[in-house]
file protein_15.csv (CSV, C-alpha atoms)
chain,number,residue,atom,x,y,z
N,1,GLU,CA,-33.4,14.1,12.4
N,2,LEU,CA,-32.6,13.3,8.8
N,3,ARG,CA,-35.0,11.4,6.6
N,4,ALA,CA,-33.5,9.2,3.9
N,5,VAL,CA,-35.1,7.4,1.0
N,6,VAL,CA,-33.4,4.4,-0.6
N,7,SER,CA,-34.5,3.4,-4.0
N,8,GLY,CA,-33.9,-0.3,-4.4
N,9,ALA,CA,-34.5,-3.1,-1.9
N,10,GLY,CA,-31.9,-5.5,-3.3
N,11,ALA,CA,-28.7,-6.5,-1.5
N,12,ALA,CA,-27.2,-3.0,-1.8
N,13,GLY,CA,-30.4,-1.2,-0.7
N,14,VAL,CA,-30.8,-3.5,2.3
N,15,ALA,CA,-27.2,-3.1,3.4
N,16,ILE,CA,-27.4,0.7,3.0
N,17,ALA,CA,-30.6,0.9,5.0
N,18,LYS,CA,-29.1,-1.2,7.7
N,19,ILE,CA,-26.0,1.0,8.2
N,20,LEU,CA,-28.1,4.2,8.0
N,21,VAL,CA,-30.4,2.9,10.8
N,22,GLU,CA,-27.4,1.8,12.8
N,23,SER,CA,-25.8,5.2,12.4
N,24,GLY,CA,-28.8,6.9,13.9
N,25,ILE,CA,-30.6,8.4,10.9
N,26,GLY,CA,-34.0,9.5,12.0
N,27,ASP,CA,-36.0,7.6,9.4
N,28,VAL,CA,-35.2,5.5,6.4
N,29,ALA,CA,-37.8,4.5,3.8
N,30,VAL,CA,-36.8,1.9,1.3
N,31,THR,CA,-38.6,1.5,-2.0
N,32,ASP,CA,-38.9,-1.3,-4.5
N,33,ARG,CA,-40.7,-1.6,-7.8
N,34,LYS,CA,-44.0,-1.7,-6.0
N,35,GLY,CA,-43.4,1.4,-3.7
N,36,VAL,CA,-42.4,1.9,-0.1
N,37,VAL,CA,-41.5,-1.3,1.8
N,38,HIS,CA,-43.7,-1.4,4.9
N,39,ALA,CA,-45.0,-4.0,7.3
N,40,GLY,CA,-48.6,-3.7,5.8
N,41,ARG,CA,-47.6,-5.1,2.4
N,42,ASP,CA,-48.5,-8.7,1.9
N,43,ASP,CA,-46.1,-9.3,-1.0
N,44,LEU,CA,-42.8,-9.0,0.9
N,45,ASN,CA,-40.2,-11.8,0.8
N,46,PRO,CA,-38.5,-12.6,4.1
N,47,VAL,CA,-35.6,-10.2,3.6
N,48,LYS,CA,-38.0,-7.3,2.8
N,49,ARG,CA,-40.2,-8.3,5.8
N,50,GLU,CA,-37.2,-8.0,8.1
N,51,LEU,CA,-36.3,-4.7,6.3
N,52,ALA,CA,-39.8,-3.3,7.1
N,53,SER,CA,-39.4,-4.2,10.7
N,54,TYR,CA,-36.5,-1.7,11.3
N,55,THR,CA,-37.1,1.0,8.6
N,56,ASN,CA,-40.0,3.4,7.7
N,57,LYS,CA,-40.7,4.5,11.3
N,58,ALA,CA,-43.1,7.1,9.9
N,59,GLY,CA,-45.2,4.4,8.4
N,60,ARG,CA,-45.1,5.7,4.8
N,61,THR,CA,-46.9,4.0,2.0
N,62,GLY,CA,-47.1,4.7,-1.7
N,63,SER,CA,-44.6,5.4,-4.4
N,64,LEU,CA,-41.0,6.4,-4.4
N,65,GLU,CA,-42.1,9.8,-5.6
N,66,SER,CA,-44.4,10.3,-2.6
N,67,ALA,CA,-41.6,9.2,-0.2
N,68,LEU,CA,-39.3,11.8,-1.6
N,69,ASP,CA,-41.5,14.7,-0.6
N,70,GLY,CA,-39.6,16.5,2.2
N,71,ALA,CA,-36.8,13.9,2.2
N,72,ASP,CA,-33.3,15.1,3.1
N,73,VAL,CA,-31.3,12.3,1.4
N,74,PHE,CA,-31.9,10.1,-1.7
N,75,ILE,CA,-29.8,7.1,-2.2
N,76,GLY,CA,-30.4,5.3,-5.5
N,77,VAL,CA,-29.3,1.7,-6.1
N,78,SER,CA,-32.2,0.7,-8.3
N,79,GLY,CA,-31.5,1.5,-11.9
N,80,GLY,CA,-34.9,3.3,-12.2
N,81,THR,CA,-35.5,6.9,-13.2
N,82,VAL,CA,-36.8,9.5,-10.8
N,83,PRO,CA,-38.8,12.3,-12.4
N,84,GLU,CA,-37.6,15.8,-11.8
N,85,SER,CA,-40.9,16.8,-10.4
N,86,ALA,CA,-40.3,14.3,-7.5
N,87,VAL,CA,-36.8,15.6,-6.9
N,88,ALA,CA,-38.1,19.1,-6.7
N,89,THR,CA,-40.2,18.1,-3.6
N,90,MET,CA,-37.2,17.1,-1.5
N,91,ALA,CA,-36.0,19.2,1.4
N,92,LYS,CA,-33.9,22.3,0.7
N,93,GLY,CA,-30.2,21.4,0.9
N,94,ALA,CA,-30.8,17.7,0.2
N,95,PHE,CA,-28.2,15.1,-0.6
N,96,ILE,CA,-28.6,13.1,-3.8
N,97,PHE,CA,-26.6,9.9,-4.3
N,98,ALA,CA,-27.8,8.4,-7.6
N,99,MET,CA,-25.6,5.4,-8.0
N,100,ALA,CA,-27.1,3.3,-10.7
N,101,ASN,CA,-24.8,2.5,-13.7
N,102,PRO,CA,-24.6,3.3,-16.4
N,103,THR,CA,-27.5,5.7,-16.0
N,104,PRO,CA,-28.0,7.4,-12.6
N,105,GLU,CA,-31.6,7.5,-11.3
N,106,ILE,CA,-31.3,11.3,-11.3
N,107,HIS,CA,-28.9,13.0,-13.7
N,108,PRO,CA,-26.3,15.1,-11.9
N,109,ASP,CA,-27.3,18.3,-13.8
N,110,ILE,CA,-30.9,17.9,-12.6
N,111,ALA,CA,-29.9,16.9,-9.1
N,112,ARG,CA,-27.6,19.9,-8.7
N,113,THR,CA,-30.7,22.2,-9.3
N,114,TYR,CA,-32.3,20.9,-6.1
N,115,ALA,CA,-29.6,19.4,-3.9
N,116,SER,CA,-26.5,20.7,-2.0
N,117,VAL,CA,-24.5,17.6,-2.4
N,118,VAL,CA,-24.7,15.3,-5.5
N,119,ALA,CA,-22.8,12.1,-6.2
N,120,THR,CA,-23.2,9.2,-8.6
N,121,GLY,CA,-21.6,5.8,-9.1
N,122,ARG,CA,-19.8,6.8,-12.2
N,123,SER,CA,-16.2,7.9,-12.4
N,124,ASP,CA,-16.9,10.3,-15.3
N,125,PHE,CA,-19.1,12.5,-13.1
N,126,PRO,CA,-17.8,14.4,-10.0
N,127,ASN,CA,-18.1,12.7,-6.6
N,128,GLN,CA,-18.1,9.1,-7.5
N,129,ILE,CA,-19.4,6.8,-4.8
N,130,ASN,CA,-18.7,3.1,-5.3
N,131,ASN,CA,-18.4,0.2,-2.9
N,132,VAL,CA,-15.3,-1.0,-4.7
N,133,LEU,CA,-13.5,2.2,-3.3
N,134,ALA,CA,-14.0,0.9,0.3
N,135,PHE,CA,-13.5,-2.8,0.0
N,136,PRO,CA,-9.7,-2.9,0.0
N,137,GLY,CA,-9.4,-1.0,3.3
N,138,ILE,CA,-12.3,-2.8,5.0
N,139,PHE,CA,-10.9,-6.2,4.1
N,140,ALA,CA,-7.3,-5.3,5.0
N,141,GLY,CA,-8.5,-4.1,8.4
N,142,ALA,CA,-10.6,-7.2,9.0
N,143,LEU,CA,-7.7,-9.5,8.0
N,144,GLN,CA,-5.3,-7.6,10.2
N,145,VAL,CA,-7.4,-8.2,13.3
N,146,ARG,CA,-8.5,-11.7,12.2
N,147,ALA,CA,-12.1,-10.8,12.3
N,148,SER,CA,-14.5,-13.6,11.5
N,149,ALA,CA,-17.3,-11.2,10.4
N,150,ILE,CA,-17.7,-7.6,9.3
N,151,THR,CA,-20.2,-6.0,11.6
N,152,GLU,CA,-22.3,-2.8,11.3
N,153,GLY,CA,-20.0,-1.3,14.0
N,154,MET,CA,-16.9,-2.0,11.9
N,155,LYS,CA,-18.5,-0.4,8.9
N,156,LEU,CA,-19.4,2.7,11.0
N,157,ALA,CA,-15.9,2.8,12.4
N,158,ALA,CA,-14.5,2.7,8.9
N,159,ALA,CA,-16.9,5.5,7.8
N,160,ASP,CA,-15.8,7.6,10.8
N,161,ALA,CA,-12.2,7.0,10.0
N,162,LEU,CA,-12.7,8.1,6.4
N,163,ALA,CA,-14.6,11.2,7.5
N,164,ALA,CA,-11.8,12.1,9.8
N,165,VAL,CA,-9.3,11.9,7.0
N,166,VAL,CA,-11.2,14.4,4.8
N,167,ALA,CA,-12.6,16.6,7.6
N,168,ASP,CA,-10.6,19.7,6.7
N,169,GLU,CA,-11.1,19.2,3.0
N,170,LEU,CA,-14.9,18.4,3.1
N,171,SER,CA,-17.0,20.3,0.6
N,172,ALA,CA,-19.9,19.7,-1.7
N,173,GLU,CA,-17.5,19.1,-4.5
call {"tool": "encode", "arguments": {"input": "protein_15.csv", "output": "structure tokens"}}
result
Amino acid sequence: ELRAVVSGAGAAGVAIAKILVESGIGDVAVTDRKGVVHAGRDDLNPVKRELASYTNKAGRTGSLESALDGADVFIGVSGGTVPESAVATMAKGAFIFAMANPTPEIHPDIARTYASVVATGRSDFPNQINNVLAFPGIFAGALQVRASAITEGMKLAAADALAAVVADELSAE
């Protein structure tokens, strides 16, 4: 039932949207510089056309700011800045993962005002999220089983395994 908004339709945003959809998130809207990626846009490259085919089930159009209205999750991999007024429209208890470096799309101090869980891509802020933290384990596992590809299912299995490790320690911090 969750609704997520991904800011950034580059390699990271596409990969994140793909795993969110695969994991069963209710709806994922991805935005680029021109707004929400949707099938009705005539300026999409082939990757974004494919992205539009499996995301944005609600058929949203418009800006990142309008997409955030009522959203449960924000994932930023764009390097842009999200105005506080847009953050304030997110669902109560939202999750904000503003991962752009060196400046997160939403500063953690602002994000904490509106969200229950806040993380960035920086090690000098609490709750760092960075893909480099997962790569060694994912590659080691793939090499051990002689996998020829890393699938969405493998990524989800890795996420489940990590969640199980921290289950008793899980907190907003």
call {"tool": "closest_residue", "arguments": {"input": "protein_15.csv", "among": "N:Ala158, N:Leu170, N:Ala4, N:Val82", "to": "N:Asn127", "atoms": "only C-alpha atoms"}}
result
N:Leu170
call {"tool": "residues_around", "arguments": {"input": "protein_15.csv", "residues": "N:Asp124", "least_positions_apart": "4", "cutoff": "12 Å", "atoms": "all atoms listed in the file", "output": "PyMOL selection string"}}
result
chain N and resi 101-104+108+119-120+128-129
call {"tool": "atom_distance", "arguments": {"input": "protein_15.csv", "atom1": "atom CA of N:Ala71", "atom2": "atom CA of N:Arg122"}}
result
23.4 Å
call {"tool": "residues_around", "arguments": {"input": "protein_15.csv", "residues": "N:Pro83", "least_positions_apart": "3", "cutoff": "9 Å", "atoms": "only C-alpha atoms", "output": "list in words"}}
result
Glu65, Ala86, Val87, Ala88, Glu105 and Ile106 of chain N
call {"tool": "atom_distance", "arguments": {"input": "protein_15.csv", "atom1": "atom CA of N:Ala67", "atom2": "atom CA of N:Gly35"}}
result
8.7 Å
call {"tool": "atom_distance", "arguments": {"input": "protein_15.csv", "atom1": "atom CA of N:Ser7", "atom2": "atom CA of N:Phe135"}}
result
22.3 Å
call {"tool": "residues_around", "arguments": {"input": "protein_15.csv", "residues": "N:Asn130", "least_positions_apart": "3", "cutoff": "9 Å", "atoms": "only C-alpha atoms", "output": "list in words"}}
result
Met99, Thr120, Gly121, Arg122, Ser123, Leu133 and Ala134 of chain N
call {"tool": "residues_around", "arguments": {"input": "protein_15.csv", "residues": "N:Val37", "least_positions_apart": "4", "cutoff": "6 Å", "atoms": "only C-alpha atoms", "output": "count of residues only"}}
result
3
call {"tool": "residues_around", "arguments": {"input": "protein_15.csv", "residues": "N:Ala17", "least_positions_apart": "4", "cutoff": "8 Å", "atoms": "all atoms listed in the file", "output": "PyMOL selection string"}}
result
chain N and resi 6+13+21+28+30+55
call {"tool": "closest_residue", "arguments": {"input": "protein_15.csv", "among": "N:Asp27, N:Glu22, N:Asp32, N:Asp43", "to": "N:Gly59", "atoms": "only C-alpha atoms"}}
result
N:Asp27
